[in-house]
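Notes follow once the structure below has been shown.
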Amino acid sequence: MRLTPSRASLSLALLVLVAVGIWYLADGRPRDFDGFIILAVALAALVSLFWWTQQQLAKAQQRYRALIERIPLVTYADRLDEHSTNIFVSPQVEALLGYAQAEWSDPEFFRRILHPDDLDAVPRHDTLEVGDTSRVEYRLFAKDGRVVWLRDEFVVVQDEPGDEPHIEGFLADVTLRKDAEDRLRESEARFHAMLESAAVGITLLDAERTILFTNRAFEEMLGYSKDELAEWSLSEITHPDDEDLSEGAITTLREGRESAPFEKRYRTKAGDFVWARVSQTPVRSKTGRLEYAISVIEDLSERRLLEEELRHVQKMEAVGRLAGGVAHDFNNLLLAIRGYCDLAAIDAGISPEETKKDIQQIRVATEAAASLTRQLLAFSRKQVLQPHHVDLSALVSDRRSLLEHVLNESIQLETDLAADLKTARLDKTQIEQALVNVVANARDAIGERGLVKIQTANVSVSGERGGPAIPAGSYVLLSVSDTGSGMDERTQAQAFDPFFTTKGGSGAGLGLSTVHGFVEQSGGYVLVRSAPGEGTTVELYFPALDEQAGTGRGPDLDDGRTSGSETILLVEDDEPVREVLRRTLEREGYAVLVAGNGEEALATAAQFAGEIHAVVTDVMMPRMGGVELVRNLRSARPHARVVYMSGHLQDEATLAQVQEHGEFLQKPFAPSELARKVRRLLDGDSVQLFTQAG
């Protein structure tokens with residue numbers, strides 16, 4: 001406290017008087033009355049100075065006590081004995097705990113109000129030494145029964161050498177903080193329990209994809225324990241093919257953008273992989289830097305199993321519909337064949353002319369059956385294609401009259417054909433049939449009056465036009481649009497199923513399903529764009545070629561001849577078929593060696609000393625098929641030409657070998673067609689010979 005000028009002057013005067021008195025007493029000269037006056041004044045000044053000093057000390061103590069009592073802490077002093085006997089405690093203790101200051105003088109008082117669980121938290125004071133410090137937290141019972149958390153900080157001091165050491169410290173109420181910590185722990189426990197009990201997997205990753213936390217669902221999904229997954233990199237449990245996708249998601253978050261949900265495979269402890277859908281949420285710092293990524297992982301195993309079961313059910317439904325449709329059509333054909341056979345038998349002895357008509361109808365029925373089997377092969381993508389370079393604009397123009405015949409007179413046909421259209425490598429007969437099927441389907445969708453529009457164009461697919469179903473590239477587009485009633489999404493999903501129809505039984509059977517099979521077998525793609533009331537557009541995309549149109553084959557050497565005198569090895573496991581083919585070739589003048597399978601054919605060829613000019617063999621036979629037979633004949637008969645026959649080929653590898661080393665006839669075929677094929681094969685130098693180059 002700063003002295004005022006009056007107090008400073010008074011203090012200086014008193015000090016001067018005291019100094020004079022002391023000087024006077026110290027001087028050894030005799031004292032007179034004036035000297036006694038001076039001494040008296042000096043003594044009075046000394047007494048006044050002492051009284052003033054005491055007054056200032058009392059005021060300072062009062063200010064110090066007021067300061068102590070105003071701070072929100074309890075100050076105290078204790079002796080260093082086994083009971084920690086209290087010397088002083090500030091009045092705040094009564095407001096804090098409800099106990100009067102006098103109650104603290106009881107040596108056992110502190111122990112009585114200390115929470116029993118905290119007895120070991122308070123250090124024994126009789127073990128402390130000067131300079132020791134302590135900071136502990138414990139609970140005391142207040143007078144009203146409340147439990148109060150206190151932070152106790154003290155130091156052991158000694159005022160003067162020789163004085164008894166004691167403790168000086170303060171108590172702070174930390175109950176609110178402790179309650180907040182308890183609530184935080186409870187909240188964390190609830191949050192942790194929620195994460196652990198979640199039905200989906202949850203992980204916490206740092207910005208480098210290190211696993212910091214996993215919940216029980218994720219651990220059970222992969223078969224690892226929490227300890228095994230801790231500190232692993234996400235790469236260690238990610239399928240190698242999905243690593244770029246997984247890393248890209250984190251990179252997106254690092255760049256400050258949001259990551260879209262994605263599907264990936266996780267490696268399990270057993271070594272297999274499970275599919276999961278992953279959604280990631282970033283946790284960022286105040287500066288926006290990625291600190292953590294929270295991943296929610298949905299196990300797709302069950303969903304994919306259900307989807308597979310659904311696909312199987314839908315497939316079986318389609319197969320059932322296919323079987324029913326085929327059975328219906330074949331039963332009708334068989335009825336016609338059997339009926340005309342019976343009529344031919346009856347008419348044989350009565351009217352040769354009627355017999356001839358009956359046989360002709362049998363032939364018509366068998367051709368219809370053959371057409372049905374070809375449609376089945378197209379649907380199953382097992383037909384043998386004869387691809388050439390085809391200009392689709394020219395094809396549509398050439399077949400316009402046929403297409404108009406497919407449509408009724410009330411439906412208008414409009415074309416928009418690109419003049420500079422690139423070519424596509426297609427089987428011309430099959431693409432014509434596919435176009436007819438799509439146009440017929442458009443006719444059925446329109447009903448009475450409307451418009452069918454056929455367009456061709458060169459298109460470059462970047463992923464936006466064709467969507468994810470069509471890879472980027474250059475394509476030739478053939479589209480057919482109609483003004484019919486259109487289809488909803490559910491109907492579109494079934495549009496290519498065999499015998500599916502919305503016309504109550506008036507559908508086109510295998511029409512669109514064969515289109516889909518042919519296009520995919522040709523390396524193309526089919527898209528359907530439709531909506532109820534807006535018509536339908538069917539788009540066929542075929543890979544475009546830069547070469548000019550052309551067949552890529554040698555000149556047509558077919559001069560119409562079918563007969564000859566060469567030796568032919570005929571190999572067919574079906575006896576009636578073998579007999580028909582044998583009689584056909586022999587009537588044309590050929591010498592025919594017959595065998596029921598590949599092994600018999602090898603033995604027959606080995607025993608025959610003459611030249612075998614051609615081999616006509618079925619592809620699929622028991623014990624040894626046609627491809628293996630021809631391969632084994634290579635060394636002994638290197639110049640024999642080959643004609644393969646089959647109702648269908650099981651795989652693309654067999655198809656490739658058949659097309660590389662010989663001619664092919666699709667069963668069923670007319671016997672005369674076999675005779676023409678053999679004659680053309682024997683006469684044509686440009687036809688692929690079966691040589692060692694094969």
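Residues in the structure tokens are named by chain (A, B, ... in the order shown) and by number from 1 within that chain; ligands are numbered from 1 in the order shown.
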
**Message:** Neighbouring residues of Ser393 in chain A were defined as those with any atom within 10 Å, considering only C-alpha atoms; residues of the same chain fewer than 2 positions away were excluded. Please report them as a ChimeraX atom specification.
**Reply:** /A:390-391,395-398,415-423,454-457,478

Grab the residues selected above and save them as a short mmCIF file (atom, residue, chain, number, x, y, z; two decimals), in the first residue's frame with C-alpha atoms.
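Okay, part-v6.cif is ready:
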```cif
data_model
loop_
_atom_site.label_atom_id
_atom_site.label_comp_id
_atom_site.auth_asym_id
_atom_site.auth_seq_id
_atom_site.Cartn_x
_atom_site.Cartn_y
_atom_site.Cartn_z
CA VAL A 390 -21.80 -56.45 -93.85
CA ASP A 391 -23.01 -52.96 -94.70
CA LEU A 395 -28.87 -54.66 -96.08
CA VAL A 396 -31.87 -52.62 -94.86
CA SER A 397 -32.32 -51.10 -98.31
CA ASP A 398 -32.14 -54.51 -100.01
CA THR A 415 -35.71 -45.42 -92.76
CA ASP A 416 -32.81 -43.11 -91.93
CA LEU A 417 -29.68 -44.85 -93.22
CA ALA A 418 -26.13 -43.53 -92.94
CA ALA A 419 -24.44 -43.31 -96.33
CA ASP A 420 -20.92 -43.56 -94.85
CA LEU A 421 -21.70 -46.42 -92.54
CA LYS A 422 -18.77 -48.59 -91.48
CA THR A 423 -19.01 -52.32 -91.94
CA ILE A 454 -35.17 -48.08 -88.88
CA GLN A 455 -31.93 -46.13 -88.47
CA THR A 456 -28.25 -46.89 -88.99
CA ALA A 457 -25.34 -44.76 -87.75
CA LEU A 478 -28.91 -50.52 -86.05
#
```

**Request:** Assign secondary structure with DSSP using the backbone only, and return the residues of range 534-634 of chain A in strand (DSSP E) as an MDAnalysis selection string.
**Result:** chainID A and resid 536:543 567:571 591:595 614:618

Dump N, CA and C atoms for the selected residues as a compact mmCIF listing (two decimals), in the first residue's frame?
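Just written: again09.txt:
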```txt
# COMPACT_ATOMS: atom_id res chain seq x y z
N THR A 536 -41.13 -47.76 -78.12
CA THR A 536 -39.93 -48.54 -77.78
C THR A 536 -38.90 -48.39 -78.88
N THR A 537 -37.63 -48.32 -78.46
CA THR A 537 -36.51 -48.34 -79.40
C THR A 537 -35.57 -49.47 -79.01
N VAL A 538 -35.33 -50.38 -79.95
CA VAL A 538 -34.36 -51.46 -79.75
C VAL A 538 -33.09 -51.10 -80.51
N GLU A 539 -31.97 -51.00 -79.80
CA GLU A 539 -30.70 -50.60 -80.40
C GLU A 539 -29.72 -51.77 -80.39
N LEU A 540 -29.21 -52.10 -81.57
CA LEU A 540 -28.22 -53.16 -81.72
C LEU A 540 -26.88 -52.51 -82.03
N TYR A 541 -25.88 -52.74 -81.18
CA TYR A 541 -24.54 -52.18 -81.37
C TYR A 541 -23.58 -53.29 -81.78
N PHE A 542 -22.88 -53.09 -82.90
CA PHE A 542 -21.89 -54.05 -83.37
C PHE A 542 -20.54 -53.34 -83.51
N PRO A 543 -19.44 -54.00 -83.11
CA PRO A 543 -18.12 -53.38 -83.28
C PRO A 543 -17.88 -53.00 -84.73
N THR A 567 -13.72 -91.07 -103.12
CA THR A 567 -13.97 -91.89 -101.93
C THR A 567 -14.18 -90.96 -100.73
N ILE A 568 -15.25 -91.22 -99.99
CA ILE A 568 -15.61 -90.38 -98.84
C ILE A 568 -15.74 -91.26 -97.61
N LEU A 569 -15.11 -90.80 -96.50
CA LEU A 569 -15.25 -91.48 -95.21
C LEU A 569 -16.37 -90.78 -94.44
N LEU A 570 -17.48 -91.49 -94.23
CA LEU A 570 -18.64 -90.94 -93.53
C LEU A 570 -18.65 -91.46 -92.10
N VAL A 571 -18.65 -90.54 -91.12
CA VAL A 571 -18.60 -90.93 -89.69
C VAL A 571 -19.79 -90.30 -88.98
N ALA A 591 -17.90 -93.32 -103.66
CA ALA A 591 -17.61 -94.53 -102.90
C ALA A 591 -17.59 -94.12 -101.43
N VAL A 592 -18.40 -94.80 -100.59
CA VAL A 592 -18.58 -94.35 -99.21
C VAL A 592 -18.08 -95.42 -98.25
N LEU A 593 -17.16 -95.00 -97.33
CA LEU A 593 -16.74 -95.82 -96.19
C LEU A 593 -17.48 -95.30 -94.97
N VAL A 594 -18.08 -96.18 -94.17
CA VAL A 594 -18.90 -95.72 -93.04
C VAL A 594 -18.29 -96.17 -91.73
N ALA A 595 -18.51 -95.35 -90.68
CA ALA A 595 -18.05 -95.68 -89.33
C ALA A 595 -19.00 -95.01 -88.34
N ALA A 614 -12.28 -87.13 -99.01
CA ALA A 614 -12.98 -86.24 -98.08
C ALA A 614 -13.47 -87.03 -96.88
N VAL A 615 -13.56 -86.34 -95.75
CA VAL A 615 -14.10 -86.91 -94.52
C VAL A 615 -15.33 -86.10 -94.14
N VAL A 616 -16.48 -86.78 -94.03
CA VAL A 616 -17.71 -86.15 -93.55
C VAL A 616 -18.00 -86.73 -92.18
N THR A 617 -17.88 -85.90 -91.13
CA THR A 617 -17.96 -86.44 -89.77
C THR A 617 -18.83 -85.58 -88.87
N ASP A 618 -19.53 -86.27 -88.01
CA ASP A 618 -20.25 -85.56 -86.94
C ASP A 618 -19.21 -85.04 -85.94
```

**Prompt:** Got a sec: who's within 9 Å of range 249-259 of chain A, counting only C-alpha atoms, leaving out chain neighbours fewer than 4 positions off, as a PyMOL selection string?
**Reply:** chain A and resi 207-209+244-245+279-282+288-291+293

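You can rank A:Arg79, A:Ser233, A:Arg185, A:Val74 by their closest distance to Pro91 in chain A using only C-alpha atoms, and at the top of that list sits A:Val74.
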
**Item:** Minimum-distance residue to Ser474 in chain A, chosen among A:Asp546, A:Glu160, A:Asp427, A:Asp132 (using only C-alpha atoms)
**Value:**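 Nearest to Ser474 in chain A: A:Asp546.
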
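Contact shell of range 171-184 of chain A at 8 Å (only C-alpha atoms; same-chain neighbours under 6 positions omitted): Pro72, Leu73, Val74, Thr75, Leu96, Val148, Trp149, Leu150, Arg151, Asp152 and Glu153 of chain A.
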